[in-house]
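Structure below is data06.pdb: PDB, C-alpha atoms, pLDDT in the B column.
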```pdb
ATOM      1  CA  TYR A   1      -7.951 -10.064   8.088  1.00 93.00           C
ATOM      2  CA  TYR A   2      -9.222  -6.603   7.122  1.00 96.00           C
ATOM      3  CA  LEU A   3     -11.802  -8.100   4.763  1.00 95.00           C
ATOM      4  CA  SER A   4     -13.330  -9.994   7.675  1.00 95.00           C
ATOM      5  CA  GLN A   5     -13.319  -6.933   9.898  1.00 96.00           C
ATOM      6  CA  HIS A   6     -14.966  -4.592   7.376  1.00 97.00           C
ATOM      7  CA  GLU A   7     -17.823  -6.371   5.639  1.00 96.00           C
ATOM      8  CA  ASP A   8     -19.019  -3.131   4.012  1.00 97.00           C
ATOM      9  CA  LEU A   9     -15.606  -2.629   2.391  1.00 98.00           C
ATOM     10  CA  GLN A  10     -15.481  -6.310   1.453  1.00 97.00           C
ATOM     11  CA  GLU A  11     -18.751  -5.775  -0.407  1.00 97.00           C
ATOM     12  CA  LYS A  12     -17.345  -2.692  -2.117  1.00 98.00           C
ATOM     13  CA  CYS A  13     -14.370  -4.776  -3.313  1.00 98.00           C
ATOM     14  CA  ARG A  14     -16.698  -7.549  -4.481  1.00 98.00           C
ATOM     15  CA  GLN A  15     -18.841  -5.090  -6.430  1.00 98.00           C
ATOM     16  CA  GLU A  16     -15.799  -3.605  -8.133  1.00 98.00           C
ATOM     17  CA  VAL A  17     -14.475  -7.052  -9.105  1.00 98.00           C
ATOM     18  CA  GLN A  18     -17.864  -8.055 -10.513  1.00 98.00           C
ATOM     19  CA  ASN A  19     -18.209  -4.765 -12.420  1.00 98.00           C
ATOM     20  CA  VAL A  20     -14.723  -5.109 -13.933  1.00 98.00           C
ATOM     21  CA  LEU A  21     -15.393  -8.709 -14.981  1.00 97.00           C
ATOM     22  CA  GLN A  22     -18.820  -7.884 -16.378  1.00 97.00           C
ATOM     23  CA  LYS A  23     -17.365  -5.019 -18.406  1.00 97.00           C
ATOM     24  CA  SER A  24     -14.538  -7.160 -19.842  1.00 97.00           C
ATOM     25  CA  GLY A  25     -16.537 -10.354 -20.254  1.00 97.00           C
ATOM     26  CA  HIS A  26     -13.891 -12.284 -18.339  1.00 97.00           C
ATOM     27  CA  THR A  27     -14.252 -14.584 -15.365  1.00 96.00           C
ATOM     28  CA  LEU A  28     -12.072 -15.000 -12.279  1.00 95.00           C
ATOM     29  CA  GLU A  29     -10.295 -17.805 -14.144  1.00 95.00           C
ATOM     30  CA  THR A  30      -9.579 -15.604 -17.167  1.00 96.00           C
ATOM     31  CA  LEU A  31      -8.619 -12.319 -15.462  1.00 95.00           C
ATOM     32  CA  SER A  32      -6.507 -10.123 -17.706  1.00 97.00           C
ATOM     33  CA  HIS A  33      -3.922  -7.527 -16.806  1.00 96.00           C
ATOM     34  CA  ASP A  34      -6.397  -4.864 -17.944  1.00 97.00           C
ATOM     35  CA  ASP A  35      -8.938  -6.309 -15.492  1.00 98.00           C
ATOM     36  CA  LEU A  36      -6.427  -6.000 -12.671  1.00 97.00           C
ATOM     37  CA  ASN A  37      -5.624  -2.416 -13.680  1.00 97.00           C
ATOM     38  CA  GLY A  38      -9.333  -1.630 -13.477  1.00 97.00           C
ATOM     39  CA  MET A  39      -9.531  -2.721  -9.838  1.00 98.00           C
ATOM     40  CA  ILE A  40      -8.881   0.708  -8.355  1.00 98.00           C
ATOM     41  CA  TYR A  41     -10.673   0.279  -5.018  1.00 98.00           C
ATOM     42  CA  VAL A  42      -9.218  -3.221  -4.583  1.00 98.00           C
ATOM     43  CA  ALA A  43      -5.748  -1.660  -4.930  1.00 98.00           C
ATOM     44  CA  GLN A  44      -6.651   1.002  -2.356  1.00 98.00           C
ATOM     45  CA  PHE A  45      -7.832  -1.736   0.020  1.00 98.00           C
ATOM     46  CA  ILE A  46      -4.581  -3.671  -0.419  1.00 98.00           C
ATOM     47  CA  LYS A  47      -2.444  -0.574   0.077  1.00 98.00           C
ATOM     48  CA  GLU A  48      -4.256   0.339   3.284  1.00 98.00           C
ATOM     49  CA  SER A  49      -3.809  -3.243   4.498  1.00 97.00           C
ATOM     50  CA  MET A  50      -0.067  -2.967   3.819  1.00 97.00           C
ATOM     51  CA  ARG A  51       0.076   0.439   5.496  1.00 97.00           C
ATOM     52  CA  LEU A  52      -1.353  -0.942   8.736  1.00 96.00           C
ATOM     53  CA  GLY A  53       0.418  -4.301   8.554  1.00 94.00           C
ATOM     54  CA  SER A  54       3.675  -3.710   6.715  1.00 90.00           C
ATOM     55  CA  PRO A  55       4.878  -6.820   4.867  1.00 89.00           C
ATOM     56  CA  VAL A  56       8.466  -5.721   5.539  1.00 88.00           C
ATOM     57  CA  PRO A  57       9.121  -4.445   9.075  1.00 90.00           C
ATOM     58  CA  PHE A  58      12.190  -2.340   8.329  1.00 91.00           C
ATOM     59  CA  ILE A  59      14.788  -1.492   5.716  1.00 91.00           C
ATOM     60  CA  VAL A  60      18.507  -0.975   6.220  1.00 92.00           C
ATOM     61  CA  ARG A  61      20.728   1.325   4.209  1.00 90.00           C
ATOM     62  CA  SER A  62      24.262   2.713   4.492  1.00 93.00           C
ATOM     63  CA  THR A  63      25.103   6.341   3.912  1.00 93.00           C
ATOM     64  CA  THR A  64      27.485   6.869   1.004  1.00 94.00           C
ATOM     65  CA  GLU A  65      28.454  10.364   2.121  1.00 96.00           C
ATOM     66  CA  GLU A  66      28.126  12.480   5.237  1.00 96.00           C
ATOM     67  CA  LEU A  67      24.483  13.290   5.912  1.00 94.00           C
ATOM     68  CA  GLN A  68      23.102  16.117   8.046  1.00 94.00           C
ATOM     69  CA  MET A  69      19.735  15.318   9.697  1.00 90.00           C
ATOM     70  CA  ASP A  70      18.546  18.203  11.865  1.00 94.00           C
ATOM     71  CA  GLU A  71      21.195  18.541  14.581  1.00 96.00           C
ATOM     72  CA  TYR A  72      22.743  15.125  13.822  1.00 94.00           C
ATOM     73  CA  THR A  73      25.557  14.393  11.426  1.00 96.00           C
ATOM     74  CA  LEU A  74      25.829  10.852  10.089  1.00 95.00           C
ATOM     75  CA  PRO A  75      29.265  10.028   8.706  1.00 97.00           C
ATOM     76  CA  ALA A  76      29.637   8.168   5.422  1.00 97.00           C
ATOM     77  CA  GLY A  77      29.306   4.425   5.949  1.00 96.00           C
ATOM     78  CA  THR A  78      26.749   4.733   8.757  1.00 96.00           C
ATOM     79  CA  THR A  79      24.132   1.958   8.826  1.00 96.00           C
ATOM     80  CA  VAL A  80      20.639   3.416   9.042  1.00 93.00           C
ATOM     81  CA  THR A  81      17.600   1.314   9.949  1.00 94.00           C
ATOM     82  CA  MET A  82      14.171   2.649   9.045  1.00 92.00           C
ATOM     83  CA  PRO A  83      11.162   1.018  10.736  1.00 95.00           C
ATOM     84  CA  ILE A  84       8.525   1.033   7.999  1.00 95.00           C
ATOM     85  CA  CYS A  85       5.614   0.610  10.409  1.00 93.00           C
ATOM     86  CA  ASP A  86       6.644   3.840  12.153  1.00 95.00           C
ATOM     87  CA  VAL A  87       6.575   5.613   8.795  1.00 95.00           C
ATOM     88  CA  HIS A  88       3.180   4.096   7.964  1.00 97.00           C
ATOM     89  CA  HIS A  89       1.726   5.035  11.353  1.00 97.00           C
ATOM     90  CA  ASN A  90       3.045   8.612  11.400  1.00 96.00           C
ATOM     91  CA  ALA A  91       0.103  10.891  12.253  1.00 96.00           C
ATOM     92  CA  GLU A  92       1.773  13.752  10.384  1.00 95.00           C
ATOM     93  CA  HIS A  93       1.047  11.924   7.111  1.00 95.00           C
ATOM     94  CA  TRP A  94      -1.817   9.652   8.199  1.00 97.00           C
ATOM     95  CA  PRO A  95      -4.542  11.292  10.322  1.00 95.00           C
ATOM     96  CA  ASP A  96      -5.994   8.770  12.780  1.00 97.00           C
ATOM     97  CA  PRO A  97      -3.187   6.388  11.746  1.00 97.00           C
ATOM     98  CA  LEU A  98      -4.592   3.189  13.270  1.00 97.00           C
ATOM     99  CA  LYS A  99      -7.975   3.515  11.541  1.00 97.00           C
ATOM    100  CA  PHE A 100      -8.475   1.293   8.495  1.00 98.00           C
ATOM    101  CA  ASP A 101      -9.492   3.592   5.628  1.00 98.00           C
ATOM    102  CA  PRO A 102      -8.746   2.582   2.011  1.00 98.00           C
ATOM    103  CA  GLU A 103      -9.942   6.014   0.852  1.00 97.00           C
ATOM    104  CA  ARG A 104      -6.570   7.348   2.032  1.00 97.00           C
ATOM    105  CA  PHE A 105      -5.276   6.001  -1.279  1.00 98.00           C
ATOM    106  CA  SER A 106      -7.897   7.634  -3.484  1.00 97.00           C
ATOM    107  CA  PRO A 107      -6.305  10.019  -5.990  1.00 95.00           C
ATOM    108  CA  GLU A 108      -7.821  12.997  -4.159  1.00 95.00           C
ATOM    109  CA  GLN A 109      -6.404  12.047  -0.760  1.00 95.00           C
ATOM    110  CA  ALA A 110      -3.070  10.787  -2.073  1.00 94.00           C
ATOM    111  CA  GLU A 111      -2.395  14.039  -3.907  1.00 94.00           C
ATOM    112  CA  GLY A 112       0.336  16.015  -2.187  1.00 92.00           C
ATOM    113  CA  ARG A 113       1.323  13.210   0.195  1.00 94.00           C
ATOM    114  CA  HIS A 114       5.061  12.831   0.604  1.00 94.00           C
ATOM    115  CA  PRO A 115       6.244  10.112  -1.816  1.00 92.00           C
ATOM    116  CA  TYR A 116       8.043   8.289   1.007  1.00 93.00           C
ATOM    117  CA  ALA A 117       5.091   8.285   3.429  1.00 96.00           C
ATOM    118  CA  PHE A 118       4.055   4.886   2.025  1.00 96.00           C
ATOM    119  CA  ILE A 119       6.917   2.478   1.330  1.00 94.00           C
ATOM    120  CA  PRO A 120       5.745  -1.143   1.681  1.00 94.00           C
ATOM    121  CA  PHE A 121       8.213  -2.219  -1.010  1.00 91.00           C
ATOM    122  CA  SER A 122      10.963   0.187   0.065  1.00 88.00           C
ATOM    123  CA  ALA A 123      11.685   3.180  -2.184  1.00 85.00           C
ATOM    124  CA  GLY A 124      14.292   4.818  -4.326  1.00 82.00           C
ATOM    125  CA  PRO A 125      16.869   3.038  -6.447  1.00 82.00           C
ATOM    126  CA  ARG A 126      16.814  -0.080  -4.230  1.00 81.00           C
ATOM    127  CA  ASN A 127      13.058  -0.628  -4.120  1.00 85.00           C
ATOM    128  CA  CYS A 128      11.489  -3.999  -4.823  1.00 86.00           C
ATOM    129  CA  ILE A 129      11.665  -4.791  -8.533  1.00 90.00           C
ATOM    130  CA  GLY A 130       8.729  -7.181  -8.117  1.00 92.00           C
ATOM    131  CA  GLN A 131       6.291  -4.705  -6.563  1.00 93.00           C
ATOM    132  CA  THR A 132       4.021  -4.486  -9.618  1.00 94.00           C
ATOM    133  CA  MET A 133       3.859  -8.258  -9.877  1.00 95.00           C
ATOM    134  CA  ALA A 134       3.211  -8.529  -6.134  1.00 95.00           C
ATOM    135  CA  MET A 135       0.324  -6.033  -6.368  1.00 96.00           C
ATOM    136  CA  ASP A 136      -1.131  -7.936  -9.330  1.00 97.00           C
ATOM    137  CA  GLU A 137      -0.896 -11.188  -7.385  1.00 97.00           C
ATOM    138  CA  MET A 138      -2.583  -9.637  -4.341  1.00 97.00           C
ATOM    139  CA  LYS A 139      -5.367  -8.231  -6.530  1.00 98.00           C
ATOM    140  CA  THR A 140      -5.845 -11.655  -8.122  1.00 97.00           C
ATOM    141  CA  VAL A 141      -6.106 -13.376  -4.745  1.00 97.00           C
ATOM    142  CA  LEU A 142      -8.412 -10.731  -3.289  1.00 97.00           C
ATOM    143  CA  ALA A 143     -10.635 -10.873  -6.393  1.00 97.00           C
ATOM    144  CA  SER A 144     -10.802 -14.672  -6.054  1.00 96.00           C
ATOM    145  CA  VAL A 145     -11.753 -14.412  -2.375  1.00 96.00           C
ATOM    146  CA  VAL A 146     -14.496 -11.791  -2.761  1.00 96.00           C
ATOM    147  CA  GLY A 147     -15.611 -12.525  -6.338  1.00 86.00           C
TER     148      GLY A 147
END
```
Could you render the structure as structure tokens?
Amino acid sequence: YYLSQHEDLQEKCRQEVQNVLQKSGHTLETLSHDDLNGMIYVAQFIKESMRLGSPVPFIVRSTTEELQMDEYTLPAGTTVTMPICDVHHNAEHWPDPLKFDPERFSPEQAEGRHPYAFIPFSAGPRNCIGQTMAMDEMKTVLASVVG
């Protein structure tokens, strides 16, 4: 969806894919893991897409011990639901949160951001074990679409 809405960014992704493939001598059919790792802007584009349209709407956890949150005390065993889209649209961490801007994920802009401000695959010890593979698959598909 975001590719179709931002043709200039689509072109930027296409240029990066072509540059990576030209540098490696590979084609879309022979993409290597190194090629995928070289697709920095493509990864930023995907992350921003997941920030605005979270693939997982919420996560649920249970407290293992009493937890104090501001003026609230959650007893051990409390079920806590965290709406990921609320986290990803929080203006405290994401200025102009509904604007599509892959540059938010550039190293310069990501520096200092709270590590749990972006959690499309959950976070902590129960995060998605397939998140690296999922990102590689999304890069492969995006490269095939724009390449």
(request) Can you turn the PyMOL selection byres ((chain A and resi 101) around 9) into a concrete residue list for this file, as a list in words? (result) Gln44, Phe45, Glu48, Ser49, Lys99, Phe100, Pro102, Glu103, Arg104 and Phe105 of chain A
(request) Identify which of the residues A:Ile59, A:Val146, A:Met69, A:Ile119 lies closest to His89 in chain A, counting all atoms listed in the file when measuring atom-to-atom distances. (result) A:Ile119
Please list as a PDB file with C-alpha atoms, in the frame of the given file every residue within 12 Å of Arg61 in chain A, counting only C-alpha atoms and excluding residues in the same chain fewer than 5 positions away.
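The resulting file, out_2.pdb, is reproduced below:
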```pdb
ATOM      1  CA  ALA A  76      29.637   8.168   5.422  1.00 97.00           C
ATOM      2  CA  GLY A  77      29.306   4.425   5.949  1.00 96.00           C
ATOM      3  CA  THR A  78      26.749   4.733   8.757  1.00 96.00           C
ATOM      4  CA  THR A  79      24.132   1.958   8.826  1.00 96.00           C
ATOM      5  CA  VAL A  80      20.639   3.416   9.042  1.00 93.00           C
ATOM      6  CA  THR A  81      17.600   1.314   9.949  1.00 94.00           C
ATOM      7  CA  MET A  82      14.171   2.649   9.045  1.00 92.00           C
ATOM      8  CA  PRO A  83      11.162   1.018  10.736  1.00 95.00           C
ATOM      9  CA  SER A 122      10.963   0.187   0.065  1.00 88.00           C
ATOM     10  CA  ALA A 123      11.685   3.180  -2.184  1.00 85.00           C
ATOM     11  CA  GLY A 124      14.292   4.818  -4.326  1.00 82.00           C
ATOM     12  CA  PRO A 125      16.869   3.038  -6.447  1.00 82.00           C
ATOM     13  CA  ARG A 126      16.814  -0.080  -4.230  1.00 81.00           C
ATOM     14  CA  ASN A 127      13.058  -0.628  -4.120  1.00 85.00           C
TER      15      ASN A 127
END
```
(message) Starting from the PyMOL selection byres ((chain A and resi 42) around 10), expand the selection into actual residues of this file and give them as a list in words.
(response)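 With the PyMOL selection byres ((chain A and resi 42) around 10) on this model, the match is Leu9, Gln10, Lys12, Cys13, Arg14, Gln15, Glu16, Val17, Leu36, Asn37, Gly38, Met39, Ile40, Tyr41, Ala43, Gln44, Phe45, Ile46, Lys47, Glu48, Pro102, Met138, Lys139, Thr140, Leu142 and Ala143 of chain A.
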(request) Compute the distance from (6.1, 14.2, 7.9) to each atom, counting all atoms listed in the file, keep the residues with any atom at most 8 Å away, and return them as a VMD selection string; use the coordinates of the file. (result) chain A and resid 90 92 to 93 114 117
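Nearest-residue note for Met135 in chain A: choosing from A:Ser106, A:His88, A:Pro120, A:Glu7, the minimum distance belongs to A:Pro120, counting all atoms listed in the file.
For the residues A:Thr63, A:Gly147, A:His33, A:Leu98, ranking by smallest atom-to-atom distance to Thr132 in chain A using only C-alpha atoms places A:His33 first.
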(message) Just checking: using all atoms listed in the file, which residue out of A:Met50, A:Pro107, A:Arg113, A:Thr73 ends up closest to Pro95 in chain A?
(response)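 Selected residue with least distance to Pro95 in chain A: A:Arg113.
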(message) Measuring between only C-alpha atoms, which one of A:Gln5, A:Glu137, A:Ile129, A:Ser54 shows the shortest distance to Ser32 in chain A?
(response) A:Glu137
(request) Select, from A:Ser62, A:Ser4, A:Ser144, A:Gln109, the residue with the minimum atom-to-atom distance to Leu28 in chain A, counting only C-alpha atoms. (result)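 Comparing A:Ser62, A:Ser4, A:Ser144, A:Gln109 against Leu28 in chain A, the winner is A:Ser144.
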Any chance you could export range 2-103 of chain A with C-alpha atoms, as a PDB file, in the first residue's frame?
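Final output, saved to decode-v6.pdb:
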```pdb
ATOM      1  CA  TYR A   2       2.659   2.530   1.030  1.00  0.00           C
ATOM      2  CA  LEU A   3       4.658   1.865  -2.136  1.00  0.00           C
ATOM      3  CA  SER A   4       1.668   2.921  -4.218  1.00  0.00           C
ATOM      4  CA  GLN A   5       1.082   6.018  -2.125  1.00  0.00           C
ATOM      5  CA  HIS A   6       4.686   7.263  -2.223  1.00  0.00           C
ATOM      6  CA  GLU A   7       6.090   6.877  -5.720  1.00  0.00           C
ATOM      7  CA  ASP A   8       9.206   8.895  -4.829  1.00  0.00           C
ATOM      8  CA  LEU A   9      10.020   6.478  -1.996  1.00  0.00           C
ATOM      9  CA  GLN A  10       9.187   3.526  -4.241  1.00  0.00           C
ATOM     10  CA  GLU A  11      11.811   4.837  -6.656  1.00  0.00           C
ATOM     11  CA  LYS A  12      14.312   5.221  -3.827  1.00  0.00           C
ATOM     12  CA  CYS A  13      13.726   1.563  -2.881  1.00  0.00           C
ATOM     13  CA  ARG A  14      14.075   0.499  -6.517  1.00  0.00           C
ATOM     14  CA  GLN A  15      17.352   2.387  -6.878  1.00  0.00           C
ATOM     15  CA  GLU A  16      18.756   0.788  -3.742  1.00  0.00           C
ATOM     16  CA  VAL A  17      17.771  -2.712  -4.906  1.00  0.00           C
ATOM     17  CA  GLN A  18      19.356  -2.123  -8.313  1.00  0.00           C
ATOM     18  CA  ASN A  19      22.535  -0.696  -6.751  1.00  0.00           C
ATOM     19  CA  VAL A  20      22.866  -3.658  -4.368  1.00  0.00           C
ATOM     20  CA  LEU A  21      22.354  -6.157  -7.198  1.00  0.00           C
ATOM     21  CA  GLN A  22      24.741  -4.337  -9.514  1.00  0.00           C
ATOM     22  CA  LYS A  23      27.410  -4.280  -6.811  1.00  0.00           C
ATOM     23  CA  SER A  24      27.043  -8.009  -6.039  1.00  0.00           C
ATOM     24  CA  GLY A  25      26.472  -9.167  -9.602  1.00  0.00           C
ATOM     25  CA  HIS A  26      23.338 -11.013  -8.525  1.00  0.00           C
ATOM     26  CA  THR A  27      19.836 -10.861  -9.936  1.00  0.00           C
ATOM     27  CA  LEU A  28      16.461 -10.869  -8.187  1.00  0.00           C
ATOM     28  CA  GLU A  29      16.424 -14.645  -8.686  1.00  0.00           C
ATOM     29  CA  THR A  30      19.840 -15.089  -7.063  1.00  0.00           C
ATOM     30  CA  LEU A  31      19.575 -12.642  -4.136  1.00  0.00           C
ATOM     31  CA  SER A  32      21.982 -13.506  -1.347  1.00  0.00           C
ATOM     32  CA  HIS A  33      21.726 -12.836   2.357  1.00  0.00           C
ATOM     33  CA  ASP A  34      24.470 -10.227   1.937  1.00  0.00           C
ATOM     34  CA  ASP A  35      22.315  -8.521  -0.710  1.00  0.00           C
ATOM     35  CA  LEU A  36      19.410  -8.372   1.717  1.00  0.00           C
ATOM     36  CA  ASN A  37      21.666  -6.969   4.447  1.00  0.00           C
ATOM     37  CA  GLY A  38      22.717  -4.232   2.036  1.00  0.00           C
ATOM     38  CA  MET A  39      19.132  -3.052   1.557  1.00  0.00           C
ATOM     39  CA  ILE A  40      19.197  -0.442   4.308  1.00  0.00           C
ATOM     40  CA  TYR A  41      16.543   1.937   2.954  1.00  0.00           C
ATOM     41  CA  VAL A  42      14.284  -0.984   1.995  1.00  0.00           C
ATOM     42  CA  ALA A  43      14.445  -2.113   5.642  1.00  0.00           C
ATOM     43  CA  GLN A  44      13.598   1.416   6.806  1.00  0.00           C
ATOM     44  CA  PHE A  45      10.618   1.454   4.428  1.00  0.00           C
ATOM     45  CA  ILE A  46       9.376  -1.893   5.754  1.00  0.00           C
ATOM     46  CA  LYS A  47       9.797  -0.836   9.374  1.00  0.00           C
ATOM     47  CA  GLU A  48       7.850   2.373   8.815  1.00  0.00           C
ATOM     48  CA  SER A  49       5.119   0.357   7.087  1.00  0.00           C
ATOM     49  CA  MET A  50       4.940  -1.935  10.129  1.00  0.00           C
ATOM     50  CA  ARG A  51       4.947   1.044  12.486  1.00  0.00           C
ATOM     51  CA  LEU A  52       1.873   2.541  10.826  1.00  0.00           C
ATOM     52  CA  GLY A  53       0.136  -0.769  10.142  1.00  0.00           C
ATOM     53  CA  SER A  54       1.215  -3.146  12.886  1.00  0.00           C
ATOM     54  CA  PRO A  55       1.165  -6.785  11.751  1.00  0.00           C
ATOM     55  CA  VAL A  56       0.211  -7.786  15.304  1.00  0.00           C
ATOM     56  CA  PRO A  57      -2.448  -5.589  16.934  1.00  0.00           C
ATOM     57  CA  PHE A  58      -1.607  -6.325  20.561  1.00  0.00           C
ATOM     58  CA  ILE A  59       0.411  -8.535  22.872  1.00  0.00           C
ATOM     59  CA  VAL A  60      -0.683 -10.075  26.156  1.00  0.00           C
ATOM     60  CA  ARG A  61       1.541 -10.820  29.117  1.00  0.00           C
ATOM     61  CA  SER A  62       1.065 -11.790  32.768  1.00  0.00           C
ATOM     62  CA  THR A  63       2.960 -10.169  35.594  1.00  0.00           C
ATOM     63  CA  THR A  64       5.145 -12.610  37.511  1.00  0.00           C
ATOM     64  CA  GLU A  65       5.481 -10.319  40.519  1.00  0.00           C
ATOM     65  CA  GLU A  66       3.788  -7.212  41.851  1.00  0.00           C
ATOM     66  CA  LEU A  67       4.424  -4.264  39.552  1.00  0.00           C
ATOM     67  CA  GLN A  68       4.144  -0.570  40.401  1.00  0.00           C
ATOM     68  CA  MET A  69       3.163   1.641  37.425  1.00  0.00           C
ATOM     69  CA  ASP A  70       2.833   5.281  38.464  1.00  0.00           C
ATOM     70  CA  GLU A  71      -0.002   5.318  41.007  1.00  0.00           C
ATOM     71  CA  TYR A  72      -1.211   1.814  40.059  1.00  0.00           C
ATOM     72  CA  THR A  73      -0.125  -1.452  41.593  1.00  0.00           C
ATOM     73  CA  LEU A  74      -0.585  -4.591  39.511  1.00  0.00           C
ATOM     74  CA  PRO A  75      -0.565  -7.777  41.573  1.00  0.00           C
ATOM     75  CA  ALA A  76       1.375 -10.822  40.415  1.00  0.00           C
ATOM     76  CA  GLY A  77      -0.645 -12.836  37.913  1.00  0.00           C
ATOM     77  CA  THR A  78      -2.336  -9.794  36.360  1.00  0.00           C
ATOM     78  CA  THR A  79      -2.991 -10.088  32.614  1.00  0.00           C
ATOM     79  CA  VAL A  80      -1.708  -7.025  30.785  1.00  0.00           C
ATOM     80  CA  THR A  81      -2.693  -6.224  27.199  1.00  0.00           C
ATOM     81  CA  MET A  82      -0.509  -3.827  25.240  1.00  0.00           C
ATOM     82  CA  PRO A  83      -1.975  -2.349  22.039  1.00  0.00           C
ATOM     83  CA  ILE A  84       1.030  -2.172  19.719  1.00  0.00           C
ATOM     84  CA  CYS A  85      -0.552   0.396  17.403  1.00  0.00           C
ATOM     85  CA  ASP A  86      -0.890   2.786  20.354  1.00  0.00           C
ATOM     86  CA  VAL A  87       2.814   2.345  21.068  1.00  0.00           C
ATOM     87  CA  HIS A  88       3.676   2.883  17.395  1.00  0.00           C
ATOM     88  CA  HIS A  89       1.497   5.994  17.150  1.00  0.00           C
ATOM     89  CA  ASN A  90       2.712   7.614  20.380  1.00  0.00           C
ATOM     90  CA  ALA A  91       3.673  11.214  19.547  1.00  0.00           C
ATOM     91  CA  GLU A  92       6.151  11.224  22.432  1.00  0.00           C
ATOM     92  CA  HIS A  93       8.358   8.834  20.433  1.00  0.00           C
ATOM     93  CA  TRP A  94       7.099   9.511  16.897  1.00  0.00           C
ATOM     94  CA  PRO A  95       6.627  13.189  15.963  1.00  0.00           C
ATOM     95  CA  ASP A  96       3.735  13.565  13.513  1.00  0.00           C
ATOM     96  CA  PRO A  97       2.918   9.887  14.159  1.00  0.00           C
ATOM     97  CA  LEU A  98       0.527   9.334  11.243  1.00  0.00           C
ATOM     98  CA  LYS A  99       2.973  10.636   8.622  1.00  0.00           C
ATOM     99  CA  PHE A 100       4.757   7.968   6.582  1.00  0.00           C
ATOM    100  CA  ASP A 101       8.491   8.657   6.919  1.00  0.00           C
ATOM    101  CA  PRO A 102      11.005   5.794   6.543  1.00  0.00           C
ATOM    102  CA  GLU A 103      13.800   8.167   7.596  1.00  0.00           C
TER     103      GLU A 103
END
```
